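Peer 1: My file is model_20.txt. It has compact mmCIF, C-alpha atoms:
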# COMPACT_ATOMS: atom_id res chain seq x y z
CA MET A 80 113.20 32.31 255.46
CA SER A 81 116.12 30.52 253.86
CA ALA A 82 119.69 31.44 254.76
CA ALA A 83 120.20 32.76 251.22
CA ALA A 84 117.21 35.05 251.58
CA ILE A 85 118.28 36.39 254.99
CA ASP A 86 121.73 37.04 253.54
CA GLY A 87 120.17 38.81 250.55
CA VAL A 88 118.07 41.08 252.74
CA SER A 89 120.89 42.02 255.10
CA ALA A 90 123.24 42.46 252.12
CA LEU A 91 120.70 44.80 250.54
CA ARG A 92 120.61 46.89 253.73
CA SER A 93 124.38 47.09 253.79
CA VAL A 94 124.41 48.17 250.11
CA PHE A 95 122.02 51.02 250.96
CA GLN A 96 124.28 52.09 253.83
CA ARG A 97 127.26 52.14 251.49
CA VAL A 98 125.28 54.08 248.87
CA ASN A 99 124.35 56.66 251.51
CA GLN A 100 127.95 56.99 252.66
CA ALA A 101 129.28 57.36 249.11
CA ALA A 102 126.62 59.97 248.32
CA GLU A 103 127.44 61.89 251.49
CA LYS A 104 131.14 61.81 250.65
CA ALA A 105 130.32 63.26 247.23
CA GLY A 106 128.03 65.89 248.72
CA ARG A 107 124.97 64.39 247.02
CA GLY A 108 121.61 63.20 248.30
CA SER A 109 121.21 59.43 248.10
CA ASP A 110 117.58 59.83 247.00
CA GLY A 111 118.91 60.58 243.50
CA ILE A 112 120.53 57.14 243.26
CA ARG A 113 118.64 54.00 242.27
CA VAL A 114 119.91 50.58 243.30
CA VAL A 115 118.98 47.94 240.72
CA ALA A 116 119.26 44.47 242.27
CA VAL A 117 120.62 42.28 239.47
CA SER A 118 119.10 38.87 239.97
CA LYS A 119 120.47 36.90 237.01
CA THR A 120 120.77 33.14 237.69
CA LYS A 121 118.90 33.59 241.00
CA PRO A 122 115.62 31.77 241.74
CA VAL A 123 112.30 33.58 242.08
CA SER A 124 112.13 32.63 245.78
CA VAL A 125 115.27 34.65 246.59
CA ILE A 126 114.09 37.65 244.53
CA ARG A 127 110.79 37.45 246.38
CA GLN A 128 112.52 37.78 249.77
CA VAL A 129 114.35 40.92 248.64
CA TYR A 130 111.03 42.22 247.28
CA ASP A 131 109.37 41.48 250.63
CA ALA A 132 112.06 43.56 252.32
CA GLY A 133 110.69 46.52 250.34
CA HIS A 134 112.89 46.58 247.24
CA ARG A 135 111.28 47.18 243.83
CA SER A 136 114.01 47.74 241.20
CA PHE A 137 115.40 44.52 239.74
CA GLY A 138 117.57 43.86 236.71
CA GLU A 139 118.12 40.88 234.43
CA ASN A 140 120.68 40.20 231.69
CA TYR A 141 118.97 37.44 229.72
CA VAL A 142 115.62 37.63 227.96
CA GLN A 143 114.79 33.99 228.63
CA GLU A 144 115.31 34.46 232.36
CA ILE A 145 113.34 37.67 232.75
CA ILE A 146 110.34 36.36 230.79
CA GLU A 147 110.27 33.24 232.96
CA LYS A 148 110.63 35.09 236.27
CA ALA A 149 108.56 38.27 235.80
CA PRO A 150 105.13 36.54 235.61
CA GLN A 151 105.87 34.66 238.85
CA LEU A 152 106.59 37.87 240.78
CA PRO A 153 104.50 40.90 241.83
CA GLU A 154 103.50 43.33 239.10
CA ASP A 155 104.81 46.40 240.89
CA ILE A 156 108.42 45.30 240.39
CA GLU A 157 110.23 47.73 238.10
CA TRP A 158 112.31 45.55 235.82
CA HIS A 159 115.42 46.82 234.05
CA PHE A 160 116.87 44.85 231.15
CA ILE A 161 120.63 45.33 231.20
CA GLY A 162 122.04 42.66 228.90
CA ASN A 163 122.84 42.69 225.22
CA LEU A 164 119.55 42.59 223.33
CA GLN A 165 119.13 40.94 219.95
CA SER A 166 116.41 42.10 217.56
CA ASN A 167 114.60 38.75 217.56
CA LYS A 168 114.24 38.91 221.37
CA VAL A 169 112.61 42.35 221.50
CA LYS A 170 109.04 41.16 221.00
CA PRO A 171 109.17 38.30 223.56
CA LEU A 172 110.81 40.69 226.06
CA LEU A 173 108.25 43.47 225.71
CA SER A 174 105.19 41.26 225.52
CA GLY A 175 106.42 38.95 228.29
CA VAL A 176 107.28 41.69 230.79
CA PRO A 177 104.59 44.40 230.85
CA ASN A 178 106.27 45.94 233.90
CA LEU A 179 109.63 46.39 232.16
CA VAL A 180 110.46 50.03 232.90
CA MET A 181 113.81 50.41 231.21
CA VAL A 182 116.17 48.87 228.66
CA GLU A 183 119.66 50.02 229.63
CA SER A 184 121.55 48.49 226.73
CA VAL A 185 120.56 50.25 223.48
CA ASP A 186 123.74 50.44 221.44
CA ASP A 187 122.69 50.98 217.83
CA GLU A 188 119.88 52.43 215.72
CA LYS A 189 118.66 49.00 214.65
CA ILE A 190 117.79 47.90 218.19
CA ALA A 191 116.31 51.34 218.98
CA ASN A 192 114.06 51.13 215.90
CA MET A 193 112.98 47.61 216.78
CA LEU A 194 112.09 48.57 220.37
CA ASP A 195 110.25 51.65 219.09
CA ARG A 196 108.23 49.58 216.62
CA VAL A 197 107.30 46.82 219.07
CA VAL A 198 106.31 49.27 221.83
CA GLY A 199 104.02 50.95 219.29
CA ASN A 200 102.58 47.66 218.03
CA ILE A 201 101.70 46.27 221.43
CA GLY A 202 100.43 49.67 222.56
CA ARG A 203 102.32 49.90 225.82
CA LYS A 204 103.38 53.22 227.32
CA PRO A 205 106.68 54.71 226.09
CA LEU A 206 109.70 52.73 227.22
CA LYS A 207 112.64 54.39 228.93
CA VAL A 208 115.96 53.55 227.33
CA LEU A 209 119.59 54.21 228.13
CA ILE A 210 122.31 54.24 225.51
CA GLN A 211 125.12 51.84 226.31
CA VAL A 212 128.53 53.41 225.73
CA ASN A 213 131.75 51.45 225.35
CA THR A 214 134.02 53.49 227.63
CA SER A 215 136.91 51.01 227.75
CA GLY A 216 137.67 50.85 224.02
CA GLU A 217 137.71 47.04 224.23
CA GLU A 218 136.57 45.19 221.12
CA SER A 219 134.71 42.58 223.12
CA LYS A 220 132.42 45.09 224.80
CA PHE A 221 128.99 46.03 223.53
CA GLY A 222 128.15 49.69 223.37
CA VAL A 223 128.39 52.59 221.00
CA GLU A 224 131.75 54.34 220.74
CA PRO A 225 131.78 57.62 222.72
CA SER A 226 132.01 59.51 219.42
CA GLY A 227 128.71 57.93 218.27
CA CYS A 228 126.86 58.78 221.45
CA ILE A 229 125.30 62.08 220.36
CA GLY A 230 124.11 60.65 217.04
CA LEU A 231 122.37 57.68 218.68
CA ALA A 232 120.82 59.80 221.44
CA LYS A 233 119.50 62.19 218.80
CA HIS A 234 118.06 59.29 216.81
CA VAL A 235 116.21 57.92 219.86
CA LYS A 236 114.89 61.34 220.81
CA GLU A 237 113.84 62.45 217.33
CA ALA A 238 112.98 59.27 215.43
CA CYS A 239 111.65 56.91 218.12
CA SER A 240 108.44 58.39 219.48
CA ASN A 241 107.66 55.30 221.59
CA LEU A 242 110.98 55.47 223.43
CA GLU A 243 112.01 57.92 226.10
CA PHE A 244 115.72 58.75 225.98
CA SER A 245 116.68 58.66 229.65
CA GLY A 246 120.47 58.66 229.78
CA LEU A 247 123.64 56.64 229.34
CA MET A 248 125.02 53.35 230.68
CA THR A 249 128.45 51.74 230.71
CA ILE A 250 129.87 48.42 231.86
CA GLY A 251 133.58 49.28 232.00
CA MET A 252 136.36 46.76 231.54
CA ALA A 253 136.22 43.13 230.40
CA ASP A 254 136.20 41.87 233.98
CA TYR A 255 133.29 44.23 234.74
CA THR A 256 135.36 46.52 236.91
CA SER A 257 135.72 50.13 235.93
CA THR A 258 138.39 52.72 236.24
CA PRO A 259 137.68 56.34 237.17
CA GLU A 260 138.43 57.10 233.50
CA ASN A 261 135.50 54.93 232.33
CA PHE A 262 133.12 56.81 234.62
CA LYS A 263 134.52 60.24 233.78
CA LEU A 264 134.21 59.47 230.08
CA LEU A 265 130.53 58.56 230.52
CA ALA A 266 129.91 61.79 232.44
CA LYS A 267 131.65 63.72 229.65
CA CYS A 268 129.43 61.99 227.06
CA ARG A 269 126.39 63.01 229.10
CA SER A 270 127.45 66.67 229.13
CA GLU A 271 127.91 66.61 225.36
CA VAL A 272 124.62 64.81 224.69
CA CYS A 273 122.63 67.11 226.98
CA LYS A 274 124.15 70.20 225.40
CA GLU A 275 123.36 68.92 221.91
CA LEU A 276 119.79 67.87 222.76
CA GLY A 277 119.13 70.89 224.96
CA ILE A 278 118.16 68.89 228.03
CA PRO A 279 119.30 69.48 231.63
CA GLU A 280 121.91 67.00 232.85
CA GLU A 281 119.79 66.07 235.88
CA GLN A 282 117.20 64.65 233.46
CA CYS A 283 119.83 62.38 231.95
CA GLU A 284 120.76 59.30 233.97
CA LEU A 285 124.23 57.83 234.38
CA SER A 286 123.98 54.09 234.90
CA MET A 287 127.43 53.07 236.04
CA GLY A 288 128.88 51.09 238.89
CA MET A 289 128.46 47.46 239.86
CA SER A 290 129.27 45.37 242.93
CA GLY A 291 133.01 46.04 242.77
CA ASP A 292 133.01 49.77 242.14
CA PHE A 293 129.64 51.36 242.84
CA GLU A 294 130.95 53.73 245.52
CA LEU A 295 133.46 55.20 243.08
CA ALA A 296 130.72 55.47 240.46
CA ILE A 297 128.48 57.39 242.89
CA GLU A 298 131.31 59.77 243.70
CA LEU A 299 131.63 60.43 239.97
CA GLY A 300 127.92 61.07 239.43
CA SER A 301 126.12 57.74 238.94
CA THR A 302 122.34 57.82 239.34
CA ASN A 303 121.77 54.09 238.80
CA VAL A 304 123.99 51.34 240.23
CA ARG A 305 123.54 47.71 239.20
CA ILE A 306 124.34 45.40 242.09
CA GLY A 307 124.25 41.63 241.70
CA SER A 308 126.68 39.46 243.65
CA THR A 309 126.96 41.82 246.64
CA ILE A 310 123.22 41.36 247.25
CA PHE A 311 122.60 37.84 245.97
CA GLY A 312 125.97 36.12 246.34
CA ALA A 313 127.98 34.58 243.51
CA ARG A 314 126.21 33.67 240.27
CA GLU A 315 124.84 30.14 240.01
CA TYR A 316 125.49 29.00 236.47
CA PRO A 317 124.29 25.52 235.52
CA LEU A 318 127.12 23.03 235.13
CA LYS A 319 128.01 22.36 231.52
CA LYS A 320 127.08 18.81 230.59
Go ahead and express the file in the form of structure tokens.

Peer 2:
Amino acid sequence: MSAAAIDGVSALRSVFQRVNQAAEKAGRGSDGIRVVAVSKTKPVSVIRQVYDAGHRSFGENYVQEIIEKAPQLPEDIEWHFIGNLQSNKVKPLLSGVPNLVMVESVDDEKIANMLDRVVGNIGRKPLKVLIQVNTSGEESKFGVEPSGCIGLAKHVKEACSNLEFSGLMTIGMADYTSTPENFKLLAKCRSEVCKELGIPEEQCELSMGMSGDFELAIELGSTNVRIGSTIFGAREYPLKK
């Protein structure tokens, strides 16, 4: 086992310990919290070691990367797509990754409609989606404004029969850290959406919290934390020529 892999496996264990502690502190059970190991820029061999340690939820940010990696890895991995998704990439994503379980980054009706159509056309089972909310008010961030959250959730639930509205996601600030306000705003959006759609809040996920702030996110109700560098080490971007 390479040093990177051993580090990844022990880092994963330590993440689970921290998740358990944060859940305990918040008076919650940690079984209601999913850890998505975000493997962007990491080679298949390193993902495989974390898989061999028993982990099954992995996330990717780029369509090109996930469609290259997924076929080289076991089919029982539950892939989450968490990056910005362009319409022209929907078909390659869905046909290339049959074990994609969730798209966490739906932020307008156009992308919801496209996902709905392609899921129907290729005849796969309904796809779980989260609506990405811009909780920081920064122009550069993807995500629907909090005021548009109910409308988009309603659209997915009522007009997209091949999608399963499963909750909300946020990234936070430009440097990918979040403030308690970002998390509280997402929780508030969830309450409003659930009330409007008549669904219990426990059926509506909150995907919030990353390597730098996942404990805080868990204390404020996160059900899905997206952990990259704490498990896999710093990103390995190719050098620009």

Peer 1: Please provide the set of residues having any atom within 12 Å of Lys267 (chain A), restricted to only C-alpha atoms, with same-chain residues fewer than 3 positions apart removed, written as a list in words.

Peer 2: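 Near Lys267 (chain A), the qualifying residues are Val212, Thr214, Pro225, Ser226, Cys228, Ile229, Leu247, Glu260, Asn261, Phe262, Lys263, Leu264, Ser270, Glu271, Val272, Cys273, Lys274, Glu280, Leu285, Leu299 and Gly300 of chain A.
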
Peer 1: Pick the closest to His159 (chain A) from A:Arg314, A:Lys207, A:Lys233, A:Arg107: which is it, counting all atoms listed in the file?

Peer 2: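 Looking at the shortest contact to His159 (chain A), the residue is A:Lys207.
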
Peer 1: For Ala116 (chain A), which residue out of A:Tyr130, A:Phe244, A:Phe221, A:Tyr141 is the nearest one, using all atoms listed in the file?

Peer 2: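 Of A:Tyr130, A:Phe244, A:Phe221, A:Tyr141, the one nearest Ala116 (chain A) is A:Tyr130, counting all atoms listed in the file.
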
Peer 1: Go ahead and compute the interatomic distance for CA of Arg269 (chain A) and CA of Cys283 (chain A), in Å to one decimal.

Peer 2: 7.2 Å

Peer 1: With distances taken over all atoms listed in the file, which of A:Met181, A:Leu173, A:Leu209, A:Ile297 is nearest to Asn99 (chain A)?

Peer 2: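 Using all atoms listed in the file, Asn99 (chain A) sits closest to A:Ile297.
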
Peer 1: Go through A:His134, A:Arg203, A:Gln143, A:Ser124 and flag the residue nearest Ile156 (chain A), using all atoms listed in the file for the distances.

Peer 2: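 Distance minimum relative to Ile156 (chain A) lands on A:His134.
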
Peer 1: Ile161 (chain A): which residues within 8 Å, counting all atoms listed in the file, same-chain residues fewer than 3 positions away excluded, as a tab-separated table (two decimals) with C-alpha atoms, keeping the file's coordinate frame?

Peer 2:
chain	number	residue	atom	x	y	z
A	138	GLY	CA	117.57	43.86	236.71
A	139	GLU	CA	118.12	40.88	234.43
A	140	ASN	CA	120.68	40.20	231.69
A	182	VAL	CA	116.17	48.87	228.66
A	183	GLU	CA	119.66	50.02	229.63
A	184	SER	CA	121.55	48.49	226.73

Peer 1: For the atom pair CA of Val208 (chain A) and CA of Pro177 (chain A), what is the interatomic distance in Å to one decimal place?

Peer 2: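 CA of Val208 (chain A) sits 15.0 Å away from CA of Pro177 (chain A).
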
Peer 1: Looking at all atoms listed in the file, which of A:Leu295, A:Leu152, A:Ile112, A:Val197 is the one that sits closest to Asp131 (chain A)?

Peer 2: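 Closest candidate: A:Leu152.
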
Peer 1: What does the distance between CA of Glu275 (chain A) and CA of Cys239 (chain A) come to in Å, to one decimal place?

Peer 2: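 Between these atoms lies a distance of 17.2 Å.
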
Peer 1: Please tell me which residues are no farther than 10 Å from (119.4, 56.8, 244.1) in the file, counting all atoms listed in the file, and write them as a VMD selection string.

Peer 2: chain A and resid 95 98 to 99 102 107 to 115 297 301 to 304

Peer 1: All heavy atoms are needed for region 213-224 of chain A; please write them out as a compact mmCIF listing (two decimals), keeping the file's coordinate frame.

Peer 2:
# COMPACT_ATOMS: atom_id res chain seq x y z
N ASN A 213 130.53 52.21 225.11
CA ASN A 213 131.75 51.45 225.35
C ASN A 213 132.84 52.43 225.80
O ASN A 213 133.42 53.12 224.98
CB ASN A 213 132.16 50.72 224.06
CG ASN A 213 133.44 49.91 224.24
OD1 ASN A 213 134.17 50.08 225.22
ND2 ASN A 213 133.73 49.04 223.29
N THR A 214 133.06 52.50 227.11
CA THR A 214 134.02 53.49 227.63
C THR A 214 135.42 52.92 227.78
O THR A 214 136.34 53.63 228.16
CB THR A 214 133.56 54.01 229.01
OG1 THR A 214 133.37 52.89 229.88
CG2 THR A 214 132.28 54.82 228.92
N SER A 215 135.58 51.61 227.52
CA SER A 215 136.91 51.01 227.75
C SER A 215 137.68 50.83 226.45
O SER A 215 138.86 50.52 226.47
CB SER A 215 136.75 49.65 228.43
OG SER A 215 136.06 48.77 227.55
N GLY A 216 137.00 51.02 225.31
CA GLY A 216 137.67 50.85 224.02
C GLY A 216 137.99 49.40 223.72
O GLY A 216 138.73 49.09 222.79
N GLU A 217 137.43 48.46 224.49
CA GLU A 217 137.71 47.04 224.23
C GLU A 217 136.77 46.50 223.17
O GLU A 217 135.57 46.73 223.22
CB GLU A 217 137.56 46.22 225.51
CG GLU A 217 138.63 46.53 226.53
CD GLU A 217 138.44 45.73 227.81
OE1 GLU A 217 138.16 44.53 227.70
OE2 GLU A 217 138.58 46.32 228.89
N GLU A 218 137.34 45.76 222.24
CA GLU A 218 136.57 45.19 221.12
C GLU A 218 135.42 44.33 221.61
O GLU A 218 134.35 44.30 221.03
CB GLU A 218 137.48 44.30 220.26
CG GLU A 218 138.55 45.07 219.48
CD GLU A 218 137.97 45.89 218.35
OE1 GLU A 218 137.11 45.35 217.61
OE2 GLU A 218 138.36 47.06 218.19
N SER A 219 135.67 43.59 222.69
CA SER A 219 134.71 42.58 223.12
C SER A 219 133.47 43.19 223.78
O SER A 219 132.52 42.51 224.07
CB SER A 219 135.37 41.64 224.13
OG SER A 219 135.78 42.41 225.26
N LYS A 220 133.53 44.47 224.06
CA LYS A 220 132.42 45.09 224.80
C LYS A 220 131.34 45.61 223.86
O LYS A 220 131.63 46.21 222.83
CB LYS A 220 132.95 46.27 225.62
CG LYS A 220 133.55 45.85 226.94
CD LYS A 220 132.47 45.57 227.96
CE LYS A 220 132.96 44.67 229.05
NZ LYS A 220 132.57 43.29 228.93
N PHE A 221 130.10 45.42 224.26
CA PHE A 221 128.99 46.03 223.53
C PHE A 221 128.96 47.51 223.89
O PHE A 221 129.54 47.94 224.87
CB PHE A 221 127.67 45.36 223.92
CG PHE A 221 127.61 43.92 223.52
CD1 PHE A 221 127.66 42.92 224.47
CD2 PHE A 221 127.52 43.58 222.18
CE1 PHE A 221 127.62 41.58 224.10
CE2 PHE A 221 127.48 42.24 221.79
CZ PHE A 221 127.53 41.25 222.75
N GLY A 222 128.27 48.26 223.08
CA GLY A 222 128.15 49.69 223.37
C GLY A 222 128.60 50.51 222.19
O GLY A 222 129.46 50.10 221.41
N VAL A 223 128.01 51.69 222.07
CA VAL A 223 128.39 52.59 221.00
C VAL A 223 129.70 53.27 221.40
O VAL A 223 129.97 53.46 222.59
CB VAL A 223 127.24 53.62 220.76
CG1 VAL A 223 127.02 54.51 221.97
CG2 VAL A 223 127.48 54.46 219.53
N GLU A 224 130.53 53.59 220.44
CA GLU A 224 131.75 54.34 220.74
C GLU A 224 131.34 55.71 221.28
O GLU A 224 130.33 56.28 220.84
CB GLU A 224 132.59 54.53 219.46
CG GLU A 224 133.16 53.24 218.89
CD GLU A 224 134.01 52.48 219.90
OE1 GLU A 224 134.85 53.11 220.57
OE2 GLU A 224 133.81 51.25 220.03
